[in-house]
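Enquirer: First, the structure itself, so that you have it in front of you.
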Protein chains: 6
Amino acid sequence: MKEEVFFGEGMVNVKKDYPELYKAIVGLNEAAYTGKIVDYRTQKLIALGINAAASDERATKKQMISAMKEFNIAKDEIVDVLRVVLLTSGMPPFIKAMKILNELIG
Amino acid sequence: MKEEVFFGEGMVNVKKDYPELYKAIVGLNEAAYTGKIVDYRTQKLIALGINAAASDERATKKQMISAMKEFNIAKDEIVDVLRVVLLTSGMPPFIKAMKILNELIG
Amino acid sequence: MKEEVFFGEGMVNVKKDYPELYKAIVGLNEAAYTGKIVDYRTQKLIALGINAAASDERATKKQMISAMKEFNIAKDEIVDVLRVVLLTSGMPPFIKAMKILNELIG
Amino acid sequence: MKEEVFFGEGMVNVKKDYPELYKAIVGLNEAAYTGKIVDYRTQKLIALGINAAASDERATKKQMISAMKEFNIAKDEIVDVLRVVLLTSGMPPFIKAMKILNELIG
Amino acid sequence: MKEEVFFGEGMVNVKKDYPELYKAIVGLNEAAYTGKIVDYRTQKLIALGINAAASDERATKKQMISAMKEFNIAKDEIVDVLRVVLLTSGMPPFIKAMKILNELIG
Amino acid sequence: MKEEVFFGEGMVNVKKDYPELYKAIVGLNEAAYTGKIVDYRTQKLIALGINAAASDERATKKQMISAMKEFNIAKDEIVDVLRVVLLTSGMPPFIKAMKILNELIG
């Protein structure tokens with residue numbers, strides 16, 4: 001279930017305290033991850049690429065875990081995404097993401 | 001040919017004036033776009049997502065043109081990428097990319 | 001009407017071609033700009049600050065126009081926002097935003 | 001006192017070792033937070049929005065603490081700022097800021 | 001004179017309308033560009049690198065013009081800065097800066 | 001040896017598992033840090049400025065350590081770089097980098 005991806009610590013509180021905001025986020029999430037052609041799995045790889053390119057450690061890690069759990073996405077597949085991060089965004093975000101990946105997989 | 005993607009105005013001069021730098025860029029480009037599992041077409045969608053998320057008008061436009069020319073990637077498919085941009089990076093980069101897309105396709 | 005702010009070129013096409021995505025965006029917009037304590041006017045100043053800090057010329061200009069049209073926000077008030085941009089984000093985004101402001105007001 | 005906001009670990013050393021740089025920073029801070037129309041409290045909310053939109057964990061946390069301490073700014077008021085962050089900058093910076101807020105307030 | 005670098009369109013208005021803010025900016029500029037060891041010329045190269053890495057077209061162009069005018073900095077020297085931009089920040093900001101440089105020098 | 005700079009945790013794995021990607025990165029690194037006019041030492045200061053301006057804690061720390069180890073770059077010299085970061089990128093990245101510097105040097 002796509003919605004579950006959001007259920008981190010922060011979002012649980014949003015659901016409880018700001019239900020109308022939570023509902024809008026669920027609606028956005030649903031519309032974003034319901035592509036006409038590109039499947040959800042590929043969209044998740046794109047999200048991983050964007051988060052890693054933005055050097056966002058927390059979001060990158062979460063996307064990697066979700067990618068491996070939800071879709072059995074392999075290490076090589078994630079590295080293929082990070083290759084694009086290296087080309088478009090340079091060494092620091094690439095190295096940071098590789099380090100996160102190594103810590104997750106070993 | 002993947003290499004051709006780089007042949008914009010700027011890169012022509014790099015090739016002529018800084019051949020060793022050009023060679024390194026071609027090597028990087030080749031390694032980046034030669035994934036083990038993710039195909040080149042999907043990697044280009046990821047690059048488009050990263051460029052659009054970074055609000056880079058020039059790179060986004062170039063990626064869209066390349067996506068449509070090299071791979072016959074349809075408008076709906078690009079919008080599927082931009083859905084992820086909206087979710088991960090907010091309205092301004094999404095609107096900017098939609099505007100570029102509309103100008104390219106009409 | 002808050003929704004109207006979105007009715008730029010790009011969004012008109014989203015409404016026509018991707019109604020479910022459009023609906024999600026309107027929902028997000030509504031939830032975002034319906035604060036419990038901070039009023040819409042102040043939230044718009046915050047959005048202007050964020051867009052200017054991100055050096056997003058297009059979004060900054062649009063927010064300034066909307067601020068002056070919707071709320072009669074004065075030049076001095078916008079500059080007060082840009083003072084924070086200068087402190088938090090440095091000279092280049094500050095100068096860029098001041099230039100946009102000068103072109104709008106003269 | 002506005003100046004006090006800066007007195008973190010780093011700035012103490014700047015004051016001691018680079019007094020002329022410190023003086024310039026105090027001058028900038030004073031000029032930035034002395035708006036003609038927008039009051040200091042609102043300017044701090046704008047700064048919080050900009051820091052959170054930039055996914056800057058450290059600065060976001062510091063602004064939240066300062067907002068609650070200096071102005072008794074309530075949780076709902078901070079969330080109103082983060083609503084704008086969500087709209088303009090996407091889910092990852094919003095979730096990150098919500099998590100910081102939850103850790104601060106519980 | 002270091003101060004002159006700021007005298008773009010935007011800053012002229014700041015000087016006239018917000019003299020206290022202008023004074024703070026001049027003070028910051030003076031303190032920033034008065035290093036203890038690194039000379040002003042090298043600091044300008046660093047500023048160019050930062051602006052180009054941030055994909056800021058306007059600031060990059062202005063820094064290049066200032067670098068060539070104030071210090072007779074040659075094309076090869078600017079390219080040496082952009083090499084670092086390529087490594088740290090990826091292809092899009094590098095290509096954008098190379099294009100600006102080519103337009104300035106031909 | 002310039003190449004050594006990359007030998008962090010992440011890169012060791014890249015070398016072992018993705019030798020062709022590693023080779024491309026080494027080639028890029030070599031080309032980037034072999035300027036025609038600007039020496040390697042100055043290029044490293046530029047890289048430090050770019051990493052600090054991007055608020056990248058990990059890369060900033062690594063660049064500072066490398067700067068002090070490889071070139072005996074003094075604290076005052078690093079602060080001269082951070083002065084430019086303050087001017088171009090605002091207080092949060094400046095304070096963050098000063099804090100890292102203080103923790104490294106004390």
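The way I read the labels, and the way they are meant: chains A, B, ... in the order of the structure tokens, residue 1 as the first residue of every chain, and ligand 1 as the first ligand shown, with later ones counted on from there.
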Can you give chain D as a compact mmCIF listing (two decimals) with N, CA, C and O atoms, in the first residue's frame after you superpose it on chain F, pairing all C-alpha atoms in order for the least-squares fit?
Expert:
# COMPACT_ATOMS: atom_id res chain seq x y z
N MET D 1 48.83 12.46 -3.08
CA MET D 1 48.16 11.93 -4.27
C MET D 1 46.69 12.29 -4.26
O MET D 1 45.96 11.98 -3.33
N LYS D 2 46.27 12.98 -5.32
CA LYS D 2 44.91 13.50 -5.35
C LYS D 2 43.86 12.40 -5.20
O LYS D 2 42.84 12.58 -4.59
N GLU D 3 44.14 11.28 -5.84
CA GLU D 3 43.20 10.18 -5.87
C GLU D 3 42.79 9.74 -4.47
O GLU D 3 41.64 9.41 -4.21
N GLU D 4 43.74 9.77 -3.57
CA GLU D 4 43.53 9.28 -2.22
C GLU D 4 42.36 9.97 -1.51
O GLU D 4 41.74 9.40 -0.62
N VAL D 5 42.12 11.22 -1.90
CA VAL D 5 41.06 11.98 -1.24
C VAL D 5 39.74 11.23 -1.27
O VAL D 5 38.91 11.34 -0.38
N PHE D 6 39.55 10.46 -2.30
CA PHE D 6 38.29 9.75 -2.47
C PHE D 6 38.16 8.50 -1.60
O PHE D 6 37.09 7.96 -1.47
N PHE D 7 39.26 8.03 -1.09
CA PHE D 7 39.24 6.72 -0.45
C PHE D 7 38.53 6.72 0.89
O PHE D 7 39.10 6.38 1.91
N GLY D 8 37.30 7.10 0.85
CA GLY D 8 36.45 6.95 2.01
C GLY D 8 35.79 5.57 1.94
O GLY D 8 36.01 4.79 1.01
N GLU D 9 35.00 5.29 2.93
CA GLU D 9 34.30 4.02 3.06
C GLU D 9 33.53 3.66 1.78
O GLU D 9 33.68 2.57 1.24
N GLY D 10 32.74 4.62 1.30
CA GLY D 10 31.90 4.36 0.15
C GLY D 10 32.70 3.99 -1.09
O GLY D 10 32.37 3.05 -1.81
N MET D 11 33.79 4.73 -1.32
CA MET D 11 34.54 4.53 -2.55
C MET D 11 35.27 3.20 -2.60
O MET D 11 35.52 2.65 -3.67
N VAL D 12 35.67 2.68 -1.46
CA VAL D 12 36.32 1.37 -1.43
C VAL D 12 35.40 0.31 -2.04
O VAL D 12 35.84 -0.52 -2.85
N ASN D 13 34.15 0.37 -1.67
CA ASN D 13 33.19 -0.58 -2.22
C ASN D 13 32.94 -0.35 -3.71
O ASN D 13 32.73 -1.30 -4.46
N VAL D 14 32.94 0.91 -4.13
CA VAL D 14 32.76 1.19 -5.56
C VAL D 14 33.90 0.56 -6.34
O VAL D 14 33.68 -0.06 -7.39
N LYS D 15 35.12 0.70 -5.83
CA LYS D 15 36.29 0.15 -6.52
C LYS D 15 36.17 -1.36 -6.70
O LYS D 15 36.48 -1.90 -7.75
N LYS D 16 35.71 -2.02 -5.65
CA LYS D 16 35.61 -3.47 -5.66
C LYS D 16 34.43 -3.96 -6.54
O LYS D 16 34.59 -4.84 -7.37
N ASP D 17 33.28 -3.34 -6.36
CA ASP D 17 32.06 -3.86 -7.00
C ASP D 17 31.77 -3.26 -8.37
O ASP D 17 31.10 -3.88 -9.19
N TYR D 18 32.22 -2.03 -8.58
CA TYR D 18 31.90 -1.35 -9.85
C TYR D 18 33.17 -0.72 -10.41
O TYR D 18 33.28 0.51 -10.50
N PRO D 19 34.14 -1.56 -10.80
CA PRO D 19 35.46 -1.03 -11.21
C PRO D 19 35.39 -0.05 -12.37
O PRO D 19 36.19 0.89 -12.43
N GLU D 20 34.46 -0.24 -13.31
CA GLU D 20 34.41 0.68 -14.46
C GLU D 20 33.88 2.05 -14.03
O GLU D 20 34.29 3.07 -14.55
N LEU D 21 32.98 2.05 -13.04
CA LEU D 21 32.48 3.32 -12.50
C LEU D 21 33.59 4.00 -11.72
O LEU D 21 33.80 5.22 -11.82
N TYR D 22 34.29 3.20 -10.94
CA TYR D 22 35.41 3.72 -10.16
C TYR D 22 36.45 4.38 -11.06
O TYR D 22 36.93 5.48 -10.78
N LYS D 23 36.75 3.70 -12.16
CA LYS D 23 37.76 4.22 -13.10
C LYS D 23 37.31 5.58 -13.67
O LYS D 23 38.12 6.51 -13.80
N ALA D 24 36.04 5.68 -13.98
CA ALA D 24 35.52 6.95 -14.51
C ALA D 24 35.62 8.06 -13.47
O ALA D 24 35.93 9.21 -13.79
N ILE D 25 35.36 7.72 -12.21
CA ILE D 25 35.43 8.72 -11.14
C ILE D 25 36.87 9.18 -10.94
O ILE D 25 37.13 10.37 -10.79
N VAL D 26 37.81 8.23 -10.96
CA VAL D 26 39.22 8.60 -10.84
C VAL D 26 39.62 9.52 -11.99
O VAL D 26 40.31 10.52 -11.81
N GLY D 27 39.16 9.20 -13.20
CA GLY D 27 39.45 10.04 -14.36
C GLY D 27 38.88 11.44 -14.21
O GLY D 27 39.54 12.44 -14.52
N LEU D 28 37.66 11.51 -13.72
CA LEU D 28 37.02 12.82 -13.50
C LEU D 28 37.79 13.61 -12.45
O LEU D 28 38.07 14.81 -12.63
N ASN D 29 38.12 12.94 -11.37
CA ASN D 29 38.84 13.58 -10.27
C ASN D 29 40.18 14.13 -10.75
O ASN D 29 40.55 15.27 -10.44
N GLU D 30 40.88 13.32 -11.53
CA GLU D 30 42.18 13.72 -12.05
C GLU D 30 42.04 14.96 -12.95
O GLU D 30 42.80 15.92 -12.82
N ALA D 31 41.07 14.91 -13.86
CA ALA D 31 40.86 16.03 -14.79
C ALA D 31 40.40 17.29 -14.05
O ALA D 31 40.78 18.40 -14.40
N ALA D 32 39.58 17.09 -13.03
CA ALA D 32 39.05 18.24 -12.30
C ALA D 32 40.16 18.95 -11.53
O ALA D 32 40.25 20.18 -11.53
N TYR D 33 41.01 18.16 -10.88
CA TYR D 33 42.04 18.74 -10.02
C TYR D 33 43.37 18.96 -10.74
O TYR D 33 44.42 19.05 -10.10
N THR D 34 43.34 18.96 -12.06
CA THR D 34 44.56 19.31 -12.81
C THR D 34 44.29 20.57 -13.62
O THR D 34 44.08 20.54 -14.82
N GLY D 35 44.24 21.68 -12.94
CA GLY D 35 43.96 22.96 -13.58
C GLY D 35 45.13 23.43 -14.41
O GLY D 35 46.25 22.95 -14.25
N LYS D 36 44.84 24.36 -15.34
CA LYS D 36 45.92 24.91 -16.15
C LYS D 36 46.65 26.03 -15.39
O LYS D 36 47.84 26.25 -15.57
N ILE D 37 45.91 26.78 -14.58
CA ILE D 37 46.49 27.93 -13.88
C ILE D 37 46.32 27.81 -12.37
O ILE D 37 47.27 27.95 -11.62
N VAL D 38 45.08 27.55 -11.95
CA VAL D 38 44.81 27.47 -10.51
C VAL D 38 45.43 26.18 -9.95
O VAL D 38 45.18 25.10 -10.47
N ASP D 39 46.22 26.30 -8.90
CA ASP D 39 46.87 25.10 -8.36
C ASP D 39 45.88 24.24 -7.54
O ASP D 39 44.82 24.69 -7.15
N TYR D 40 46.29 23.02 -7.27
CA TYR D 40 45.45 22.02 -6.58
C TYR D 40 45.02 22.54 -5.20
O TYR D 40 43.88 22.40 -4.79
N ARG D 41 45.97 23.16 -4.50
CA ARG D 41 45.68 23.68 -3.16
C ARG D 41 44.52 24.69 -3.20
O ARG D 41 43.59 24.62 -2.40
N THR D 42 44.56 25.60 -4.16
CA THR D 42 43.49 26.60 -4.27
C THR D 42 42.18 25.93 -4.71
O THR D 42 41.10 26.29 -4.24
N GLN D 43 42.30 24.95 -5.60
CA GLN D 43 41.10 24.23 -6.03
C GLN D 43 40.42 23.53 -4.85
O GLN D 43 39.19 23.46 -4.77
N LYS D 44 41.24 23.04 -3.91
CA LYS D 44 40.67 22.40 -2.72
C LYS D 44 39.93 23.42 -1.86
O LYS D 44 38.90 23.10 -1.26
N LEU D 45 40.45 24.63 -1.78
CA LEU D 45 39.75 25.68 -1.03
C LEU D 45 38.41 25.99 -1.69
O LEU D 45 37.41 26.24 -1.01
N ILE D 46 38.41 25.99 -3.01
CA ILE D 46 37.15 26.23 -3.75
C ILE D 46 36.16 25.11 -3.46
O ILE D 46 34.98 25.36 -3.21
N ALA D 47 36.65 23.88 -3.48
CA ALA D 47 35.77 22.74 -3.18
C ALA D 47 35.21 22.84 -1.76
O ALA D 47 34.03 22.57 -1.52
N LEU D 48 36.05 23.26 -0.83
CA LEU D 48 35.59 23.45 0.54
C LEU D 48 34.49 24.51 0.60
O LEU D 48 33.46 24.33 1.25
N GLY D 49 34.71 25.61 -0.11
CA GLY D 49 33.70 26.67 -0.15
C GLY D 49 32.37 26.17 -0.71
O GLY D 49 31.30 26.46 -0.17
N ILE D 50 32.44 25.41 -1.79
CA ILE D 50 31.22 24.89 -2.42
C ILE D 50 30.49 23.92 -1.48
O ILE D 50 29.28 24.00 -1.30
N ASN D 51 31.23 23.01 -0.85
CA ASN D 51 30.61 22.05 0.08
C ASN D 51 29.99 22.74 1.29
O ASN D 51 28.89 22.38 1.71
N ALA D 52 30.70 23.73 1.83
CA ALA D 52 30.17 24.45 2.99
C ALA D 52 28.94 25.28 2.59
O ALA D 52 27.96 25.33 3.33
N ALA D 53 28.98 25.91 1.42
CA ALA D 53 27.84 26.71 0.94
C ALA D 53 26.61 25.83 0.74
O ALA D 53 25.48 26.27 0.93
N ALA D 54 26.85 24.57 0.38
CA ALA D 54 25.73 23.63 0.18
C ALA D 54 25.27 23.01 1.49
O ALA D 54 24.40 22.14 1.51
N SER D 55 25.83 23.48 2.60
CA SER D 55 25.44 22.99 3.94
C SER D 55 25.66 21.49 4.09
O SER D 55 24.96 20.85 4.87
N ASP D 56 26.64 20.97 3.35
CA ASP D 56 26.89 19.54 3.41
C ASP D 56 27.91 19.25 4.51
O ASP D 56 29.11 19.39 4.32
N GLU D 57 27.39 18.84 5.66
CA GLU D 57 28.21 18.65 6.86
C GLU D 57 29.34 17.64 6.62
O GLU D 57 30.49 17.90 6.94
N ARG D 58 28.95 16.51 6.07
CA ARG D 58 29.91 15.43 5.87
C ARG D 58 31.04 15.85 4.91
O ARG D 58 32.23 15.67 5.22
N ALA D 59 30.67 16.41 3.76
CA ALA D 59 31.67 16.80 2.78
C ALA D 59 32.52 17.96 3.29
O ALA D 59 33.73 18.01 3.04
N THR D 60 31.91 18.89 4.02
CA THR D 60 32.64 20.02 4.57
C THR D 60 33.71 19.54 5.54
O THR D 60 34.87 19.97 5.48
N LYS D 61 33.32 18.64 6.42
CA LYS D 61 34.26 18.11 7.41
C LYS D 61 35.42 17.38 6.72
O LYS D 61 36.59 17.58 7.07
N LYS D 62 35.07 16.57 5.73
CA LYS D 62 36.09 15.82 5.01
C LYS D 62 37.07 16.75 4.28
O LYS D 62 38.28 16.53 4.30
N GLN D 63 36.53 17.80 3.66
CA GLN D 63 37.40 18.76 2.97
C GLN D 63 38.30 19.49 3.96
O GLN D 63 39.46 19.78 3.66
N MET D 64 37.75 19.83 5.13
CA MET D 64 38.58 20.54 6.12
C MET D 64 39.73 19.65 6.59
O MET D 64 40.88 20.10 6.66
N ILE D 65 39.42 18.41 6.90
CA ILE D 65 40.46 17.48 7.35
C ILE D 65 41.52 17.32 6.27
O ILE D 65 42.73 17.42 6.52
N SER D 66 41.05 17.10 5.03
CA SER D 66 41.97 16.93 3.91
C SER D 66 42.81 18.20 3.70
O SER D 66 44.01 18.13 3.44
N ALA D 67 42.19 19.36 3.84
CA ALA D 67 42.91 20.63 3.66
C ALA D 67 44.02 20.79 4.70
O ALA D 67 45.13 21.23 4.38
N MET D 68 43.71 20.41 5.94
CA MET D 68 44.71 20.57 6.99
C MET D 68 45.82 19.51 6.88
O MET D 68 46.98 19.81 7.12
N LYS D 69 45.42 18.31 6.51
CA LYS D 69 46.38 17.21 6.41
C LYS D 69 47.28 17.33 5.17
O LYS D 69 48.49 17.24 5.25
N GLU D 70 46.65 17.51 4.02
CA GLU D 70 47.42 17.52 2.77
C GLU D 70 48.25 18.78 2.59
O GLU D 70 49.31 18.76 1.97
N PHE D 71 47.74 19.92 3.09
CA PHE D 71 48.37 21.21 2.75
C PHE D 71 48.71 22.08 3.94
O PHE D 71 49.07 23.24 3.76
N ASN D 72 48.55 21.53 5.13
CA ASN D 72 48.78 22.37 6.31
C ASN D 72 48.02 23.69 6.24
O ASN D 72 48.54 24.73 6.65
N ILE D 73 46.83 23.65 5.69
CA ILE D 73 46.01 24.85 5.64
C ILE D 73 45.58 25.22 7.05
O ILE D 73 45.07 24.38 7.80
N ALA D 74 45.83 26.48 7.43
CA ALA D 74 45.58 26.92 8.80
C ALA D 74 44.11 27.30 9.01
O ALA D 74 43.36 27.50 8.07
N LYS D 75 43.73 27.39 10.28
CA LYS D 75 42.37 27.76 10.65
C LYS D 75 41.95 29.09 10.00
O LYS D 75 40.87 29.20 9.44
N ASP D 76 42.83 30.10 10.10
CA ASP D 76 42.50 31.41 9.54
C ASP D 76 42.22 31.34 8.04
O ASP D 76 41.40 32.08 7.52
N GLU D 77 42.91 30.45 7.37
CA GLU D 77 42.73 30.32 5.92
C GLU D 77 41.36 29.70 5.62
O GLU D 77 40.68 30.12 4.68
N ILE D 78 40.97 28.73 6.41
CA ILE D 78 39.65 28.13 6.24
C ILE D 78 38.57 29.16 6.55
O ILE D 78 37.56 29.26 5.85
N VAL D 79 38.79 29.95 7.60
CA VAL D 79 37.81 31.00 7.93
C VAL D 79 37.69 32.00 6.77
O VAL D 79 36.60 32.48 6.47
N ASP D 80 38.80 32.27 6.09
CA ASP D 80 38.74 33.18 4.93
C ASP D 80 37.82 32.62 3.85
O ASP D 80 37.14 33.38 3.15
N VAL D 81 37.82 31.31 3.70
CA VAL D 81 36.89 30.67 2.75
C VAL D 81 35.45 30.82 3.27
O VAL D 81 34.55 31.17 2.52
N LEU D 82 35.29 30.60 4.57
CA LEU D 82 33.94 30.65 5.15
C LEU D 82 33.36 32.07 5.15
O LEU D 82 32.15 32.25 5.15
N ARG D 83 34.22 33.08 5.12
CA ARG D 83 33.73 34.45 4.97
C ARG D 83 32.95 34.58 3.65
O ARG D 83 31.90 35.24 3.60
N VAL D 84 33.48 33.97 2.61
CA VAL D 84 32.80 34.02 1.31
C VAL D 84 31.50 33.22 1.37
O VAL D 84 30.49 33.60 0.78
N VAL D 85 31.53 32.12 2.11
CA VAL D 85 30.30 31.32 2.29
C VAL D 85 29.22 32.17 2.98
O VAL D 85 28.06 32.16 2.58
N LEU D 86 29.62 32.90 4.00
CA LEU D 86 28.68 33.77 4.71
C LEU D 86 28.03 34.77 3.76
O LEU D 86 26.81 34.94 3.74
N LEU D 87 28.87 35.42 2.96
CA LEU D 87 28.37 36.45 2.06
C LEU D 87 27.46 35.88 0.97
O LEU D 87 26.42 36.45 0.64
N THR D 88 27.86 34.76 0.41
CA THR D 88 27.11 34.22 -0.72
C THR D 88 25.95 33.30 -0.31
O THR D 88 25.03 33.09 -1.09
N SER D 89 26.00 32.76 0.90
CA SER D 89 25.05 31.70 1.24
C SER D 89 24.36 31.86 2.58
O SER D 89 23.52 31.03 2.95
N GLY D 90 24.70 32.91 3.31
CA GLY D 90 23.97 33.23 4.53
C GLY D 90 24.49 32.59 5.79
O GLY D 90 25.46 31.81 5.78
N MET D 91 23.85 32.93 6.90
CA MET D 91 24.30 32.53 8.22
C MET D 91 24.27 31.02 8.48
O MET D 91 25.24 30.48 9.03
N PRO D 92 23.18 30.29 8.17
CA PRO D 92 23.14 28.88 8.58
C PRO D 92 24.32 28.04 8.07
O PRO D 92 24.96 27.35 8.88
N PRO D 93 24.68 28.09 6.79
CA PRO D 93 25.84 27.30 6.37
C PRO D 93 27.14 27.80 6.97
O PRO D 93 28.05 27.00 7.24
N PHE D 94 27.24 29.12 7.21
CA PHE D 94 28.45 29.66 7.83
C PHE D 94 28.61 29.14 9.26
O PHE D 94 29.68 28.66 9.65
N ILE D 95 27.53 29.23 10.04
CA ILE D 95 27.59 28.78 11.43
C ILE D 95 27.87 27.28 11.50
O ILE D 95 28.66 26.81 12.31
N LYS D 96 27.21 26.52 10.62
CA LYS D 96 27.43 25.08 10.60
C LYS D 96 28.91 24.75 10.34
O LYS D 96 29.51 23.93 11.02
N ALA D 97 29.50 25.44 9.36
CA ALA D 97 30.90 25.18 9.01
C ALA D 97 31.83 25.64 10.13
O ALA D 97 32.83 24.97 10.43
N MET D 98 31.52 26.78 10.77
CA MET D 98 32.35 27.26 11.88
C MET D 98 32.32 26.25 13.03
O MET D 98 33.33 26.03 13.70
N LYS D 99 31.16 25.66 13.25
CA LYS D 99 31.04 24.67 14.32
C LYS D 99 31.89 23.43 14.01
O LYS D 99 32.60 22.92 14.88
N ILE D 100 31.85 22.97 12.78
CA ILE D 100 32.67 21.83 12.37
C ILE D 100 34.15 22.16 12.56
O ILE D 100 34.92 21.37 13.10
N LEU D 101 34.52 23.36 12.14
CA LEU D 101 35.92 23.79 12.25
C LEU D 101 36.36 23.83 13.71
O LEU D 101 37.45 23.35 14.06
N ASN D 102 35.51 24.38 14.57
CA ASN D 102 35.84 24.44 16.00
C ASN D 102 35.99 23.06 16.61
O ASN D 102 36.85 22.85 17.47
N GLU D 103 35.15 22.14 16.18
CA GLU D 103 35.25 20.78 16.70
C GLU D 103 36.53 20.10 16.24
O GLU D 103 37.11 19.29 16.96
N LEU D 104 36.98 20.44 15.03
CA LEU D 104 38.19 19.83 14.50
C LEU D 104 39.45 20.40 15.14
O LEU D 104 40.41 19.69 15.41
N ILE D 105 39.43 21.74 15.38
CA ILE D 105 40.64 22.40 15.87
C ILE D 105 40.56 22.71 17.36
O ILE D 105 41.55 22.66 18.07
N GLY D 106 39.40 23.02 17.85
CA GLY D 106 39.26 23.29 19.28
C GLY D 106 39.53 24.72 19.64
O GLY D 106 39.99 25.51 18.83
Enquirer: If you run DSSP on the backbone, which residues of chain A are helix (DSSP H, G or I), as a count of residues only?
Expert: 87
